[in-house]
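What follows is the content of work31.txt (compact mmCIF, C-alpha atoms).
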# COMPACT_ATOMS: atom_id res chain seq x y z
CA MET A 10 0.00 0.00 0.00
CA ASN A 11 1.30 3.46 -0.92
CA ARG A 12 2.02 5.77 1.97
CA LEU A 13 1.84 9.54 1.79
CA SER A 14 5.10 11.35 2.43
CA SER A 15 5.32 13.91 5.23
CA ASP A 16 5.30 16.73 2.67
CA GLU A 17 2.18 15.33 1.00
CA ARG A 18 0.47 15.05 4.37
CA ALA A 19 1.42 18.61 5.24
CA LYS A 20 0.00 19.90 1.95
CA ILE A 21 -3.31 18.06 2.37
CA LEU A 22 -3.74 19.19 5.98
CA HIS A 23 -2.87 22.77 5.04
CA LEU A 24 -5.56 22.81 2.35
CA LEU A 25 -8.12 21.44 4.81
CA CYS A 26 -7.11 24.04 7.41
CA GLU A 27 -7.62 26.84 4.90
CA GLY A 28 -11.25 25.89 4.34
CA MET A 29 -11.08 23.60 1.34
CA SER A 30 -13.55 20.72 1.03
CA ILE A 31 -12.37 17.11 1.01
CA ARG A 32 -13.38 16.60 -2.63
CA ALA A 33 -11.58 19.79 -3.67
CA VAL A 34 -8.46 18.54 -1.90
CA THR A 35 -8.66 15.24 -3.79
CA ARG A 36 -8.87 17.10 -7.10
CA LEU A 37 -5.86 19.27 -6.32
CA THR A 38 -3.60 16.61 -4.80
CA GLY A 39 -4.66 13.42 -6.55
CA ALA A 40 -5.16 11.65 -3.22
CA SER A 41 -8.31 9.57 -2.86
CA LYS A 42 -11.27 10.69 -0.76
CA ASN A 43 -10.68 7.82 1.67
CA THR A 44 -7.02 8.79 2.04
CA VAL A 45 -7.85 12.43 2.79
CA THR A 46 -10.59 11.44 5.26
CA LYS A 47 -8.32 8.98 7.07
CA LEU A 48 -5.57 11.59 7.32
CA LEU A 49 -8.07 14.11 8.67
CA ASN A 50 -9.20 11.68 11.36
CA ASP A 51 -5.68 10.59 12.28
CA ALA A 52 -4.53 14.20 12.49
CA GLY A 53 -7.58 15.34 14.46
CA ALA A 54 -7.21 12.56 17.02
CA ALA A 55 -3.47 13.12 17.50
CA LEU A 56 -3.65 16.91 17.62
CA GLY A 57 -6.69 16.88 19.88
CA ALA A 58 -4.79 14.70 22.36
CA TYR A 59 -1.73 16.96 22.09
CA GLN A 60 -3.73 20.12 22.83
CA ASP A 61 -5.44 18.38 25.73
CA ARG A 62 -2.01 17.81 27.27
CA ALA A 63 -0.50 21.17 26.32
CA PHE A 64 -3.27 23.49 27.51
CA ARG A 65 -2.83 23.06 31.24
CA HIS A 66 -1.92 25.45 34.07
CA LEU A 67 -2.78 28.46 31.93
CA SER A 68 -2.67 31.93 33.47
CA CYS A 69 -5.70 33.44 31.73
CA GLU A 70 -7.30 36.53 33.23
CA HIS A 71 -10.20 37.18 30.85
CA VAL A 72 -12.02 34.29 29.20
CA GLN A 73 -14.90 34.55 26.72
CA VAL A 74 -17.15 31.58 25.99
CA ASP A 75 -19.75 30.86 23.34
CA GLU A 76 -21.32 28.01 21.35
CA ILE A 77 -21.74 27.72 17.57
CA TRP A 78 -24.32 25.61 15.73
CA SER A 79 -23.77 23.09 12.97
CA PHE A 80 -25.25 19.69 12.13
CA CYS A 81 -24.13 16.18 11.30
CA TYR A 82 -25.72 14.04 8.56
CA ALA A 83 -29.07 15.86 8.83
CA LYS A 84 -30.62 18.71 10.74
CA GLU A 85 -32.31 17.69 13.98
CA LYS A 86 -35.82 18.04 12.59
CA ASN A 87 -34.99 15.66 9.71
CA VAL A 88 -33.16 12.92 11.62
CA ALA A 89 -36.30 10.87 12.35
CA LYS A 90 -37.07 10.43 8.65
CA ALA A 91 -33.45 10.22 7.46
CA LYS A 92 -32.27 6.95 5.95
CA ALA A 93 -29.72 5.06 8.10
CA ALA A 94 -28.85 8.08 10.25
CA PRO A 95 -25.68 7.29 12.26
CA GLU A 96 -25.13 7.87 15.96
CA GLY A 97 -24.67 11.57 16.62
CA ALA A 98 -26.79 12.72 13.67
CA GLY A 99 -28.64 15.99 14.10
CA ASP A 100 -27.78 19.40 15.50
CA VAL A 101 -24.26 19.67 16.90
CA TRP A 102 -22.93 22.55 18.97
CA THR A 103 -19.28 23.46 19.40
CA TRP A 104 -18.52 25.22 22.69
CA THR A 105 -15.36 27.34 22.67
CA ALA A 106 -13.36 29.28 25.25
CA ILE A 107 -10.88 31.95 24.16
CA ASP A 108 -8.36 33.87 26.23
CA ALA A 109 -9.23 37.46 25.39
CA ASP A 110 -5.62 38.63 25.89
CA THR A 111 -3.66 35.99 23.95
CA LYS A 112 -6.51 34.79 21.66
CA LEU A 113 -5.69 31.18 22.58
CA VAL A 114 -8.65 28.84 22.14
CA PHE A 115 -7.72 26.46 24.94
CA SER A 116 -10.97 24.56 25.45
CA PHE A 117 -13.52 23.31 22.94
CA PHE A 118 -16.31 20.82 23.44
CA VAL A 119 -18.67 19.24 20.93
CA GLY A 120 -22.15 18.11 21.90
CA ASP A 121 -25.66 19.31 22.61
CA ARG A 122 -26.71 22.74 23.82
CA ASN A 123 -27.94 21.82 27.28
CA GLU A 124 -27.04 22.31 30.92
CA GLU A 125 -25.12 19.06 31.30
CA ILE A 126 -22.79 19.87 28.40
CA ALA A 127 -22.40 23.47 29.59
CA GLU A 128 -21.28 22.27 33.02
CA ASP A 129 -18.83 19.75 31.53
CA PHE A 130 -17.45 22.52 29.32
CA LEU A 131 -17.01 24.98 32.19
CA ARG A 132 -15.38 22.33 34.37
CA ASP A 133 -12.92 21.65 31.57
CA ILE A 134 -12.08 25.37 31.48
CA HIS A 135 -11.60 25.37 35.26
CA ASP A 136 -9.26 22.39 35.13
CA ARG A 137 -7.02 24.05 32.53
CA LEU A 138 -6.41 27.26 34.49
CA ASP A 139 -3.77 27.81 37.15
CA GLY A 140 -6.24 28.35 39.98
CA GLU A 141 -6.05 32.14 40.09
CA ARG A 142 -9.27 34.12 39.94
CA VAL A 143 -10.51 34.58 36.39
CA GLN A 144 -13.14 36.75 34.72
CA ILE A 145 -15.54 34.93 32.38
CA THR A 146 -18.00 36.47 29.95
CA SER A 147 -20.78 34.71 28.04
CA ASP A 148 -23.89 35.73 26.18
CA GLY A 149 -27.25 35.78 27.96
CA TYR A 150 -27.93 32.03 27.65
CA ALA A 151 -29.45 31.23 31.05
CA ILE A 152 -27.76 27.88 31.71
CA TYR A 153 -24.33 29.54 31.83
CA ARG A 154 -25.15 31.01 35.23
CA ARG A 155 -25.58 27.64 36.92
CA ALA A 156 -22.74 26.03 34.98
CA VAL A 157 -20.25 28.75 35.96
CA LYS A 158 -21.36 28.55 39.60
CA ARG A 159 -20.97 24.76 39.75
CA ALA A 160 -17.62 24.73 37.96
CA PHE A 161 -15.90 27.66 39.72
CA GLY A 162 -17.78 28.13 42.98
CA GLU A 163 -17.05 31.60 44.36
CA ASN A 164 -13.60 31.91 42.74
CA VAL A 165 -14.77 33.70 39.60
CA ASP A 166 -15.90 37.06 38.29
CA TYR A 167 -18.64 36.48 35.76
CA GLY A 168 -20.58 38.79 33.48
CA GLN A 169 -23.00 38.44 30.57
CA VAL A 170 -23.53 40.37 27.37
CA VAL A 171 -27.28 40.31 26.77
CA LYS A 172 -28.43 41.33 23.30
CA ILE A 173 -32.05 42.31 22.85
CA TYR A 174 -33.57 41.99 19.40
CA GLY A 175 -36.77 43.36 17.95
CA GLY A 176 -38.24 45.65 15.33
CA GLY A 177 -37.04 45.72 11.74
CA SER A 178 -33.87 44.24 10.29
CA SER A 179 -32.13 43.95 6.99
CA GLY A 180 -33.72 40.53 6.65
CA SER A 181 -37.32 41.73 6.59
CA ALA A 182 -39.43 44.68 7.52
CA SER A 183 -41.40 42.62 10.05
CA GLY A 184 -38.49 41.94 12.38
CA GLY A 185 -36.40 39.09 11.04
CA GLY A 186 -35.64 37.37 7.79
CA ARG A 187 -35.03 33.74 6.99
CA TYR A 188 -31.26 34.06 7.41
CA SER A 189 -31.06 37.17 9.55
CA PRO A 190 -32.13 37.83 13.14
CA ALA A 191 -34.40 40.66 14.06
CA GLY A 192 -32.75 44.05 14.42
CA LEU A 193 -30.52 44.56 17.47
CA THR A 194 -32.19 47.15 19.70
CA LYS A 195 -30.16 47.04 22.90
CA VAL A 196 -27.04 45.51 24.45
CA GLU A 197 -26.79 45.08 28.22
CA TYR A 198 -23.55 44.34 30.08
CA LYS A 199 -24.54 42.55 33.27
CA PRO A 200 -22.30 41.65 36.23
CA VAL A 201 -23.61 38.26 37.42
CA MET A 202 -21.14 36.89 39.95
CA GLY A 203 -18.19 38.30 41.87
CA ASN A 204 -16.85 41.67 40.75
CA PRO A 205 -16.21 41.57 36.98
CA ASP A 206 -14.42 44.51 35.37
CA PRO A 207 -17.05 46.25 33.19
CA MET A 208 -14.37 46.99 30.58
CA HIS A 209 -13.87 43.25 30.05
CA ILE A 210 -17.50 42.14 29.93
CA SER A 211 -17.37 41.35 26.24
CA THR A 212 -17.89 38.47 23.81
CA SER A 213 -16.33 40.20 20.81
CA PHE A 214 -13.34 37.90 20.49
CA VAL A 215 -15.20 34.63 20.87
CA GLU A 216 -17.86 35.76 18.39
CA ARG A 217 -15.11 36.68 15.94
CA GLN A 218 -13.70 33.20 16.49
CA ASN A 219 -17.04 31.80 15.31
CA LEU A 220 -16.44 33.52 11.98
CA THR A 221 -12.91 32.14 11.82
CA MET A 222 -14.31 28.64 12.30
CA ARG A 223 -16.84 29.08 9.51
CA MET A 224 -14.17 30.50 7.18
CA HIS A 225 -11.58 27.79 7.86
CA MET A 226 -13.76 24.68 8.10
CA ARG A 227 -15.79 23.88 5.00
CA ARG A 228 -18.25 21.75 6.97
CA PHE A 229 -19.41 24.87 8.84
CA THR A 230 -20.40 26.69 5.63
CA ARG A 231 -24.15 27.18 5.49
CA LEU A 232 -26.44 26.05 2.66
CA THR A 233 -24.04 23.54 1.09
CA ASN A 234 -23.59 19.77 1.15
CA ALA A 235 -20.18 20.08 2.85
CA PHE A 236 -21.62 19.37 6.31
CA SER A 237 -20.21 16.48 8.36
CA LYS A 238 -21.64 13.04 7.69
CA LYS A 239 -20.10 11.44 10.79
CA VAL A 240 -19.68 13.08 14.17
CA GLU A 241 -16.19 11.61 14.56
CA ASN A 242 -15.09 13.43 11.39
CA HIS A 243 -16.66 16.61 12.73
CA VAL A 244 -14.78 16.43 16.04
CA ASN A 245 -11.48 15.63 14.35
CA ALA A 246 -11.87 18.49 11.87
CA ILE A 247 -12.38 20.88 14.78
CA SER A 248 -9.32 19.53 16.60
CA LEU A 249 -7.22 20.00 13.46
CA HIS A 250 -8.55 23.52 12.96
CA PHE A 251 -7.65 24.67 16.47
CA ALA A 252 -4.17 23.12 16.28
CA TYR A 253 -3.62 25.17 13.11
CA TYR A 254 -5.18 28.29 14.60
CA ASN A 255 -3.30 28.09 17.92
CA PHE A 256 0.16 27.01 16.73
CA VAL A 257 0.60 27.76 13.00
CA ARG A 258 -1.50 30.73 11.91
CA VAL A 259 0.01 34.06 12.94
CA HIS A 260 -2.59 36.31 14.55
CA LYS A 261 -2.78 39.57 12.63
CA THR A 262 -2.97 41.78 15.73
CA LEU A 263 -0.57 39.84 17.98
CA ARG A 264 1.97 39.19 15.17
CA VAL A 265 2.66 35.83 16.78
CA THR A 266 0.52 32.72 17.17
CA PRO A 267 -1.87 32.51 20.13
CA ALA A 268 0.21 29.63 21.55
CA MET A 269 3.31 31.86 21.53
CA ALA A 270 1.41 34.74 23.12
CA ALA A 271 0.18 32.43 25.87
CA GLY A 272 3.63 30.95 26.53
CA VAL A 273 2.57 27.47 25.43
CA SER A 274 5.07 27.49 22.55
CA ASP A 275 8.35 29.33 22.14
CA LYS A 276 8.44 29.16 18.35
CA LEU A 277 6.32 29.59 15.25
CA TRP A 278 5.13 26.20 14.04
CA ASN A 279 4.54 25.13 10.47
CA MET A 280 2.52 22.29 9.00
CA SER A 281 5.44 19.89 9.24
CA ASP A 282 5.35 20.28 13.03
CA LEU A 283 1.71 19.20 13.05
CA VAL A 284 2.51 16.26 10.80
CA ALA A 285 5.33 15.21 13.15
CA ILE A 286 2.83 14.94 16.01
CA VAL A 287 0.48 12.91 13.83
CA GLU A 288 3.22 10.52 12.77
CA ALA A 289 4.48 10.11 16.32
CA ALA A 290 0.98 9.08 17.43
CA GLU A 291 0.23 6.70 14.56
CA LYS A 292 0.98 3.56 16.53
CA ALA A 293 -0.92 4.73 19.61
CA PRO A 294 -4.63 3.85 19.95
CA ALA A 295 -6.93 6.59 18.69
CA LYS A 296 -8.98 8.50 21.26
CA ARG A 297 -12.41 9.86 20.46
CA GLY A 298 -12.80 13.60 20.85
CA PRO A 299 -14.74 15.48 23.53
CA TYR A 300 -18.26 14.75 22.28
CA LYS A 301 -21.48 14.03 24.16
CA LYS A 302 -24.94 13.48 22.71
CA ARG A 303 -28.08 13.43 24.76
CA ALA A 304 -29.77 10.10 25.28
CA VAL A 305 -32.77 9.33 23.09
CA ASP A 306 -35.94 8.52 25.02
Rewrite the structure from the file as structure tokens, please.
Amino acid sequence: MNRLSSDERAKILHLLCEGMSIRAVTRLTGASKNTVTKLLNDAGAALGAYQDRAFRHLSCEHVQVDEIWSFCYAKEKNVAKAKAAPEGAGDVWTWTAIDADTKLVFSFFVGDRNEEIAEDFLRDIHDRLDGERVQITSDGYAIYRRAVKRAFGENVDYGQVVKIYGGGSSGSASGGGRYSPAGLTKVEYKPVMGNPDPMHISTSFVERQNLTMRMHMRRFTRLTNAFSKKVENHVNAISLHFAYYNFVRVHKTLRVTPAMAAGVSDKLWNMSDLVAIVEAAEKAPAKRGPYKKRAVD
């Protein structure tokens, strides 16, 4: 069986990280669809495990959290009538935590949008920090309040950015179009727990990270057939994306990578560094990513 060289692997992974679809990658590189998919999964598993080990004892002061929607195989409302829907089919949410100062995305969690997942996500954030008091900001989603309390206890300053919509919008004159929310009428910055600095009650960076995800992962592009067909592929694509974002892609404002800004890495990585981690882990058993799906009644 032919084996891809390290340079060929680096090229394929780089194309995937820059938002190219799997079939487009096969056309440009000549590699088969199965080869590209297997490399994606091998890379995602290895790099997800690496980031899990590397992002520990972080000294973050201001953390922003959010969740972004996508779906696997079929949208939730269509799963019941879908043919041979696999486990994990339906709506999938990716929870992300970004250090507002270094732009490091140090925790991401894939699953449902419910209180159990929110608490698991916040506990993961807690376990990655160095124990010093941290300020966390989320949007107005109510379950964050209980999840933050259970994960951090009293050792946290927590605020919410609550956006109030209503009236007209660019989508429609009646208050919301098919692809646009109703017009934004008011934004409230609410201290919720502890004594958060009002200047740092913001979700701007994590919301901008949502755009970065949609631009760099083809399966997050709306209104196409590039969505994930298997949840394992979805998780591994996200792990690969954040390895590229954190270690390889220079942040335009910081002029270094987020990993360098956070002190996790002392050098600028390239794709060959990611491939080296993948190749070192090839003989180790694969580990499924951080995904939870609610039980079906």
Open item on the list: Restricting the calculation to all atoms listed in the file: of A:Ile173, A:Leu220, A:Leu131, A:Ala271, which residue gets closest to Ile77 of chain A?
Closed with: A:Leu220
Open item on the list: Given all atoms listed in the file as the basis, pick out the residue of A:Leu263, A:Val170, A:Leu67, A:Val215 nearest to Asp136 of chain A.
Closed with: A:Leu67
Open item on the list: So that I can see what lies close to Trp102 of chain A, please list as a ChimeraX atom specification the residues with an atom at most 12 Å from it, counting all atoms listed in the file and leaving out residues fewer than 4 positions away in the same chain.
Closed with: /A:75-81,84-85,97-98,117-123,126-127,130,219,229,240,243-244,247,299-303
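Atom CA of Arg137 of chain A to atom CA of Phe64 of chain A spans 6.3 Å [interatomic distance, one decimal].
Closest to His260 of chain A among A:Met222, A:Cys26, A:Ala83, A:Leu277 is A:Leu277, based on all atoms listed in the file.
Taking atom CA of Asn234 of chain A and atom CA of Leu37 of chain A as endpoints, the distance between them is 19.2 Å.
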- [ ] Find, counting all atoms listed in the file, the residue in A:Thr44, A:Thr111, A:Ser14, A:Ser30 that gets nearest to Arg264 of chain A.
- [x] A:Thr111
- [ ] Provide the atom CA of Leu249 of chain A to atom CA of Leu56 of chain A distance in Å, to one decimal place.
- [x] 6.3 Å
Would you kindly identify which residues have an atom no farther than 6 Å from (-15.0, 26.6, 23.6), using only C-alpha atoms and the file's own coordinates, and write them out as an mmCIF file with C-alpha atoms, keeping the file's coordinate frame?
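In the end it all went to part_18.cif:
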data_model
loop_
_atom_site.group_PDB
_atom_site.id
_atom_site.type_symbol
_atom_site.label_atom_id
_atom_site.label_comp_id
_atom_site.auth_asym_id
_atom_site.auth_seq_id
_atom_site.Cartn_x
_atom_site.Cartn_y
_atom_site.Cartn_z
ATOM 1 C CA VAL A 74 -17.150 31.580 25.990
ATOM 2 C CA TRP A 104 -18.520 25.220 22.690
ATOM 3 C CA THR A 105 -15.360 27.340 22.670
ATOM 4 C CA ALA A 106 -13.360 29.280 25.250
ATOM 5 C CA SER A 116 -10.970 24.560 25.450
ATOM 6 C CA PHE A 117 -13.520 23.310 22.940
ATOM 7 C CA PHE A 118 -16.310 20.820 23.440
#
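Using only C-alpha atoms, the shortest contact distance between Thr212 of chain A and any of A:Val259, A:Ser147, A:Glu141, A:Tyr59 is found at A:Ser147.
Closest approach to His23 of chain A from the set A:Asp139, A:Asp110, A:Glu197, A:Asp282 is made by A:Asp282, with distances taken over all atoms listed in the file.
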